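Following: one structure in structure tokens, then a few remarks.
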Amino acid sequence: MSVEHVTTVSYLPEGMPLPAPMPDGLDAPFWEGTKQHKLLVQRCKTCGSFQFGPEWICHKCRSGELSWVESSGRGKVYAFERVWHPVHKALKERGPYLIVLVELPDAGNVRMVGNLLGDPQQDVKIGDSVEVVWEDHTDVTLVQWQRI
Ligand SMILES: [Zn+2]
């Protein structure tokens with residue numbers, strides 16, 4: 001990745017619980033990667049398929065031999081939602097905000113959810129190019145997105 005984008009400003013307001021690693025350790029490599037500003041997805045050592053979110057076995061060939069590989073962090077908007085109605089009390093005054101489902105062409109077109117930074121009323125289109133923005137918190141780094 002040529003330019004790294006980092007923010008320490010939380011997209012979502014105080015009071016919203018942050019995503020956290022699962023207690024079973026399945027997604028621990030993903031979260032270790034985000035702390036190092038690396039976007040990691042699973043790749044099957046047997047058939048080469050990419051997958052995200054993390055699973056214990058490959059969805060294509062059912063192999064348990066999975067590795068973690070780095071994506072460039074550049075993707076395309078596969079879908080988005082401009083949220084106007086609060087789904088949590090901390091979001092009461094926050095709307096609208098943007099949730100995006102981003103497809104990663106360099107990682108088998110796996111998809112990841114995040115927020116789209118910038119004006120919440122920006123003109124987003126399916127297929128828009130986006131890149132990762134690392135949202136650093138004390139215990140966790142979140143994956144957010146911005147249009148490029
Ligand atoms: Zn496989």
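Quick note on naming: the chains in the structure tokens go A, B, ... in the order shown, residues restart at 1 in each chain, and ligands are numbered from 1 in order of appearance.
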
Closest contacts (range 84-143 of chain A/range 17-31 of chain A, max 10 Å, only C-alpha atoms) as CSV:
residue,atom,partner,partner_atom,distance
A:His88,CA,A:Pro17,CA,9.9
A:Ala90,CA,A:Pro17,CA,9.3
A:His137,CA,A:Leu18,CA,9.2
A:Asp139,CA,A:Ala20,CA,8.8
A:Val140,CA,A:Ala20,CA,7.2
A:Thr141,CA,A:Trp31,CA,7.3
A:Leu142,CA,A:Pro19,CA,7.8
A:Val143,CA,A:Trp31,CA,9.7

What does the file look like for those residues with N, CA and C atoms, as a PDB file, in the first residue's frame?
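Result saved to selection19.pdb:
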ATOM      1  N   HIS A  88     -29.338   1.956  18.195  1.00  0.00           N
ATOM      2  CA  HIS A  88     -28.739   1.883  19.530  1.00  0.00           C
ATOM      3  C   HIS A  88     -28.899   3.272  20.130  1.00  0.00           C
ATOM      4  N   ALA A  90     -26.976   5.131  21.720  1.00  0.00           N
ATOM      5  CA  ALA A  90     -25.831   6.019  21.493  1.00  0.00           C
ATOM      6  C   ALA A  90     -25.876   6.664  20.108  1.00  0.00           C
ATOM      7  N   HIS A 137      -7.905   2.525  18.188  1.00  0.00           N
ATOM      8  CA  HIS A 137      -8.368   2.691  19.566  1.00  0.00           C
ATOM      9  C   HIS A 137      -7.317   2.053  20.472  1.00  0.00           C
ATOM     10  N   ASP A 139      -7.421  -0.579  22.499  1.00  0.00           N
ATOM     11  CA  ASP A 139      -7.338  -2.046  22.493  1.00  0.00           C
ATOM     12  C   ASP A 139      -7.575  -2.686  21.134  1.00  0.00           C
ATOM     13  N   VAL A 140      -8.094  -1.923  20.207  1.00  0.00           N
ATOM     14  CA  VAL A 140      -8.483  -2.518  18.931  1.00  0.00           C
ATOM     15  C   VAL A 140      -8.328  -1.470  17.819  1.00  0.00           C
ATOM     16  N   THR A 141      -8.034  -1.933  16.632  1.00  0.00           N
ATOM     17  CA  THR A 141      -8.032  -1.057  15.456  1.00  0.00           C
ATOM     18  C   THR A 141      -9.133  -1.516  14.520  1.00  0.00           C
ATOM     19  N   LEU A 142     -10.021  -0.598  14.186  1.00  0.00           N
ATOM     20  CA  LEU A 142     -11.145  -0.931  13.317  1.00  0.00           C
ATOM     21  C   LEU A 142     -10.805  -0.629  11.862  1.00  0.00           C
ATOM     22  N   VAL A 143     -11.481  -1.342  10.984  1.00  0.00           N
ATOM     23  CA  VAL A 143     -11.343  -1.129   9.549  1.00  0.00           C
ATOM     24  C   VAL A 143     -12.491  -0.240   9.091  1.00  0.00           C
TER      25      VAL A 143
END

Neighbours of range 9-16 of chain A within 10 Å (only C-alpha atoms; same-chain residues fewer than 4 positions away dropped), as a ChimeraX atom specification? /A:88-94,97-98,115-118,135-137,142,144

Would you kindly return, as JSON, numbers by chain, each protein, DNA or RNA residue with an atom no farther than 8 Å from any atom of Gly73 in chain A, considering only C-alpha atoms and excluding same-chain residues fewer than 2 positions away? {"A": [1, 39, 71, 75, 104, 131, 132]}

Kindly provide, as a ChimeraX atom specification, all nucleotide and amino acid residues lying within 9 Å of ligand 1, counting only C-alpha atoms and all ligand atoms. /A:43-50,57-66

For N, CA, C and O atoms, I'd like the residues from the last selection saved as a PDB file, in the first residue's frame.
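Writing done, so here's result03.pdb:
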ATOM      1  N   ARG A  43      -7.003 -17.580   3.525  1.00  0.00           N
ATOM      2  CA  ARG A  43      -6.824 -18.231   2.231  1.00  0.00           C
ATOM      3  C   ARG A  43      -6.520 -19.708   2.481  1.00  0.00           C
ATOM      4  O   ARG A  43      -5.699 -20.048   3.334  1.00  0.00           O
ATOM      5  N   CYS A  44      -7.208 -20.548   1.733  1.00  0.00           N
ATOM      6  CA  CYS A  44      -7.062 -21.989   1.885  1.00  0.00           C
ATOM      7  C   CYS A  44      -5.732 -22.435   1.294  1.00  0.00           C
ATOM      8  O   CYS A  44      -5.410 -22.105   0.147  1.00  0.00           O
ATOM      9  N   LYS A  45      -4.975 -23.192   2.081  1.00  0.00           N
ATOM     10  CA  LYS A  45      -3.686 -23.707   1.596  1.00  0.00           C
ATOM     11  C   LYS A  45      -3.885 -24.849   0.608  1.00  0.00           C
ATOM     12  O   LYS A  45      -2.999 -25.164  -0.163  1.00  0.00           O
ATOM     13  N   THR A  46      -5.069 -25.462   0.639  1.00  0.00           N
ATOM     14  CA  THR A  46      -5.319 -26.612  -0.234  1.00  0.00           C
ATOM     15  C   THR A  46      -5.818 -26.184  -1.617  1.00  0.00           C
ATOM     16  O   THR A  46      -5.267 -26.597  -2.627  1.00  0.00           O
ATOM     17  N   CYS A  47      -6.848 -25.327  -1.654  1.00  0.00           N
ATOM     18  CA  CYS A  47      -7.443 -24.974  -2.957  1.00  0.00           C
ATOM     19  C   CYS A  47      -7.207 -23.527  -3.363  1.00  0.00           C
ATOM     20  O   CYS A  47      -7.531 -23.130  -4.479  1.00  0.00           O
ATOM     21  N   GLY A  48      -6.661 -22.713  -2.457  1.00  0.00           N
ATOM     22  CA  GLY A  48      -6.333 -21.337  -2.810  1.00  0.00           C
ATOM     23  C   GLY A  48      -7.474 -20.342  -2.688  1.00  0.00           C
ATOM     24  O   GLY A  48      -7.300 -19.157  -2.998  1.00  0.00           O
ATOM     25  N   SER A  49      -8.657 -20.801  -2.242  1.00  0.00           N
ATOM     26  CA  SER A  49      -9.797 -19.892  -2.110  1.00  0.00           C
ATOM     27  C   SER A  49      -9.576 -18.900  -0.968  1.00  0.00           C
ATOM     28  O   SER A  49      -8.991 -19.238   0.048  1.00  0.00           O
ATOM     29  N   PHE A  50     -10.096 -17.694  -1.172  1.00  0.00           N
ATOM     30  CA  PHE A  50     -10.095 -16.685  -0.111  1.00  0.00           C
ATOM     31  C   PHE A  50     -11.432 -16.758   0.614  1.00  0.00           C
ATOM     32  O   PHE A  50     -12.455 -17.101   0.002  1.00  0.00           O
ATOM     33  N   ILE A  57     -12.929 -23.964   8.679  1.00  0.00           N
ATOM     34  CA  ILE A  57     -12.602 -24.772   7.502  1.00  0.00           C
ATOM     35  C   ILE A  57     -12.867 -23.960   6.232  1.00  0.00           C
ATOM     36  O   ILE A  57     -13.600 -22.975   6.250  1.00  0.00           O
ATOM     37  N   CYS A  58     -12.301 -24.413   5.128  1.00  0.00           N
ATOM     38  CA  CYS A  58     -12.523 -23.780   3.831  1.00  0.00           C
ATOM     39  C   CYS A  58     -13.934 -24.112   3.345  1.00  0.00           C
ATOM     40  O   CYS A  58     -14.340 -25.279   3.361  1.00  0.00           O
ATOM     41  N   HIS A  59     -14.657 -23.083   2.891  1.00  0.00           N
ATOM     42  CA  HIS A  59     -16.025 -23.297   2.412  1.00  0.00           C
ATOM     43  C   HIS A  59     -16.068 -24.024   1.080  1.00  0.00           C
ATOM     44  O   HIS A  59     -17.059 -24.631   0.736  1.00  0.00           O
ATOM     45  N   LYS A  60     -14.976 -23.949   0.322  1.00  0.00           N
ATOM     46  CA  LYS A  60     -14.959 -24.597  -1.000  1.00  0.00           C
ATOM     47  C   LYS A  60     -14.608 -26.079  -0.914  1.00  0.00           C
ATOM     48  O   LYS A  60     -15.300 -26.921  -1.479  1.00  0.00           O
ATOM     49  N   CYS A  61     -13.485 -26.402  -0.218  1.00  0.00           N
ATOM     50  CA  CYS A  61     -12.989 -27.787  -0.255  1.00  0.00           C
ATOM     51  C   CYS A  61     -13.012 -28.464   1.116  1.00  0.00           C
ATOM     52  O   CYS A  61     -12.621 -29.617   1.228  1.00  0.00           O
ATOM     53  N   ARG A  62     -13.406 -27.724   2.141  1.00  0.00           N
ATOM     54  CA  ARG A  62     -13.528 -28.240   3.507  1.00  0.00           C
ATOM     55  C   ARG A  62     -12.199 -28.599   4.163  1.00  0.00           C
ATOM     56  O   ARG A  62     -12.168 -29.295   5.165  1.00  0.00           O
ATOM     57  N   SER A  63     -11.130 -28.095   3.612  1.00  0.00           N
ATOM     58  CA  SER A  63      -9.824 -28.289   4.241  1.00  0.00           C
ATOM     59  C   SER A  63      -9.739 -27.457   5.515  1.00  0.00           C
ATOM     60  O   SER A  63     -10.320 -26.372   5.607  1.00  0.00           O
ATOM     61  N   GLY A  64      -9.025 -27.953   6.487  1.00  0.00           N
ATOM     62  CA  GLY A  64      -8.787 -27.178   7.704  1.00  0.00           C
ATOM     63  C   GLY A  64      -7.478 -26.428   7.655  1.00  0.00           C
ATOM     64  O   GLY A  64      -7.069 -25.796   8.628  1.00  0.00           O
ATOM     65  N   GLU A  65      -6.814 -26.502   6.518  1.00  0.00           N
ATOM     66  CA  GLU A  65      -5.499 -25.857   6.350  1.00  0.00           C
ATOM     67  C   GLU A  65      -5.688 -24.456   5.782  1.00  0.00           C
ATOM     68  O   GLU A  65      -5.698 -24.259   4.572  1.00  0.00           O
ATOM     69  N   LEU A  66      -5.860 -23.503   6.679  1.00  0.00           N
ATOM     70  CA  LEU A  66      -6.105 -22.129   6.256  1.00  0.00           C
ATOM     71  C   LEU A  66      -4.946 -21.233   6.670  1.00  0.00           C
ATOM     72  O   LEU A  66      -4.365 -21.415   7.728  1.00  0.00           O
TER      73      LEU A  66
END

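Minimum distance to Gln42 in chain A across A:Ala79, A:Thr138, A:Val69, A:Gln146 (counting only C-alpha atoms) occurs at A:Val69.
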
So that I can check the surroundings of Lys125 in chain A, please list as a list of chain:residue names every protein, DNA and RNA residue that reaches within 9 Å of it, counting only C-alpha atoms and ignoring chain neighbours fewer than 3 positions away.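 These residues fall inside the cut-off: A:Val77, A:Tyr78, A:Ala79, A:Phe80, A:Asp128.
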
Considering only C-alpha atoms, return as a list in words whatever protein or nucleic-acid residues lie within 9 Å of Val83 in chain A, sequence-local ones (same chain, fewer than 3 positions apart) excluded. Pro86, Val87, Gly95, Pro96, Tyr97, Leu98 and Ile99 of chain A

Output all heavy atoms of each residue in that selection to a file, as an mmCIF file, in the first residue's frame.
data_model
loop_
_atom_site.group_PDB
_atom_site.id
_atom_site.type_symbol
_atom_site.label_atom_id
_atom_site.label_comp_id
_atom_site.auth_asym_id
_atom_site.auth_seq_id
_atom_site.Cartn_x
_atom_site.Cartn_y
_atom_site.Cartn_z
ATOM 1 N N PRO A 86 -31.849 5.359 14.422
ATOM 2 C CA PRO A 86 -30.902 4.801 15.385
ATOM 3 C C PRO A 86 -31.265 3.366 15.770
ATOM 4 O O PRO A 86 -32.425 3.067 16.013
ATOM 5 C CB PRO A 86 -31.008 5.740 16.586
ATOM 6 C CG PRO A 86 -32.303 6.448 16.430
ATOM 7 C CD PRO A 86 -32.617 6.480 14.964
ATOM 8 N N VAL A 87 -30.259 2.511 15.806
ATOM 9 C CA VAL A 87 -30.482 1.130 16.223
ATOM 10 C C VAL A 87 -29.888 0.889 17.608
ATOM 11 O O VAL A 87 -29.922 -0.223 18.108
ATOM 12 C CB VAL A 87 -29.855 0.131 15.213
ATOM 13 C CG1 VAL A 87 -30.576 0.207 13.879
ATOM 14 C CG2 VAL A 87 -28.365 0.399 15.035
ATOM 15 N N GLY A 95 -27.432 10.029 13.225
ATOM 16 C CA GLY A 95 -27.810 9.749 11.845
ATOM 17 C C GLY A 95 -27.840 10.970 10.965
ATOM 18 O O GLY A 95 -27.993 12.077 11.460
ATOM 19 N N PRO A 96 -27.704 10.830 9.655
ATOM 20 C CA PRO A 96 -27.432 9.536 9.036
ATOM 21 C C PRO A 96 -25.954 9.176 9.118
ATOM 22 O O PRO A 96 -25.111 10.038 9.334
ATOM 23 C CB PRO A 96 -27.822 9.772 7.577
ATOM 24 C CG PRO A 96 -27.506 11.215 7.339
ATOM 25 C CD PRO A 96 -27.807 11.896 8.661
ATOM 26 N N TYR A 97 -25.673 7.887 8.966
ATOM 27 C CA TYR A 97 -24.295 7.441 8.812
ATOM 28 C C TYR A 97 -24.287 6.336 7.759
ATOM 29 O O TYR A 97 -25.342 5.820 7.390
ATOM 30 C CB TYR A 97 -23.679 6.986 10.145
ATOM 31 C CG TYR A 97 -24.387 5.844 10.820
ATOM 32 C CD1 TYR A 97 -23.982 4.534 10.627
ATOM 33 C CD2 TYR A 97 -25.465 6.071 11.673
ATOM 34 C CE1 TYR A 97 -24.629 3.481 11.253
ATOM 35 C CE2 TYR A 97 -26.115 5.035 12.310
ATOM 36 C CZ TYR A 97 -25.696 3.740 12.099
ATOM 37 O OH TYR A 97 -26.342 2.709 12.711
ATOM 38 N N LEU A 98 -23.098 6.032 7.279
ATOM 39 C CA LEU A 98 -22.988 5.102 6.144
ATOM 40 C C LEU A 98 -22.307 3.801 6.533
ATOM 41 O O LEU A 98 -21.224 3.809 7.120
ATOM 42 C CB LEU A 98 -22.196 5.752 5.010
ATOM 43 C CG LEU A 98 -22.959 6.789 4.196
ATOM 44 C CD1 LEU A 98 -21.994 7.648 3.391
ATOM 45 C CD2 LEU A 98 -23.961 6.119 3.267
ATOM 46 N N ILE A 99 -22.946 2.707 6.189
ATOM 47 C CA ILE A 99 -22.354 1.374 6.320
ATOM 48 C C ILE A 99 -22.093 0.872 4.904
ATOM 49 O O ILE A 99 -22.960 0.994 4.031
ATOM 50 C CB ILE A 99 -23.319 0.416 7.046
ATOM 51 C CG1 ILE A 99 -23.638 0.934 8.445
ATOM 52 C CG2 ILE A 99 -22.730 -0.994 7.108
ATOM 53 C CD1 ILE A 99 -24.740 0.170 9.143
#

Using DSSP on the backbone coordinates, identify all residues within range 22-126 of chain A classified as helix (DSSP H, G or I); present the result as a ChimeraX atom specification. /A:28-35,89-91,105-107

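Here CA of Val102 in chain A and CA of Trp56 in chain A stand 22.4 Å from one another.
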
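Reported to one decimal place, the separation of CA of Trp145 in chain A from CA of Val100 in chain A is 8.0 Å.
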
Which residues come within 9 Å of His37 in chain A, counting only C-alpha atoms, excluding same-chain residues fewer than 4 positions away, as a PyMOL selection string? chain A and resi 4+6+32-33+133-134+141+143

For the residues in that selection, give me N, CA and C atoms as a CSV table (one decimal), in the first residue's frame.
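Final file, out.csv:
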chain,number,residue,atom,x,y,z
A,4,GLU,N,-0.8,5.3,3.8
A,4,GLU,CA,-1.6,4.7,4.8
A,4,GLU,C,-2.4,5.7,5.5
A,6,VAL,N,-4.9,6.8,8.5
A,6,VAL,CA,-5.1,6.4,9.9
A,6,VAL,C,-6.0,7.6,10.5
A,32,GLU,N,-5.1,-9.0,15.1
A,32,GLU,CA,-3.6,-8.7,15.2
A,32,GLU,C,-3.2,-7.9,14.0
A,33,GLY,N,-3.7,-8.3,12.8
A,33,GLY,CA,-3.4,-7.6,11.6
A,33,GLY,C,-3.8,-6.2,11.6
A,133,VAL,N,-9.2,2.7,5.9
A,133,VAL,CA,-8.7,3.7,6.9
A,133,VAL,C,-8.6,3.0,8.2
A,134,TRP,N,-7.5,3.1,8.9
A,134,TRP,CA,-7.4,2.4,10.2
A,134,TRP,C,-7.8,3.3,11.3
A,141,THR,N,-8.0,-1.9,16.6
A,141,THR,CA,-8.0,-1.1,15.5
A,141,THR,C,-9.1,-1.5,14.5
A,143,VAL,N,-11.5,-1.3,11.0
A,143,VAL,CA,-11.3,-1.1,9.5
A,143,VAL,C,-12.5,-0.2,9.1

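For the pair CA of Ile148 in chain A and CA of Ser129 in chain A, the interatomic distance is 5.7 Å.
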
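Using only C-alpha atoms for every distance, the candidate list A:Arg111, A:Arg147, A:His85, A:Arg74 yields A:Arg147 as the residue closest to Val124 in chain A.
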
Nearest to Val3 in chain A: which of A:Gln122, A:Gln36, A:Asn109, A:Ser72 is it, counting only C-alpha atoms?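 Between A:Gln122, A:Gln36, A:Asn109, A:Ser72, the residue approaching Val3 in chain A most closely is A:Ser72.
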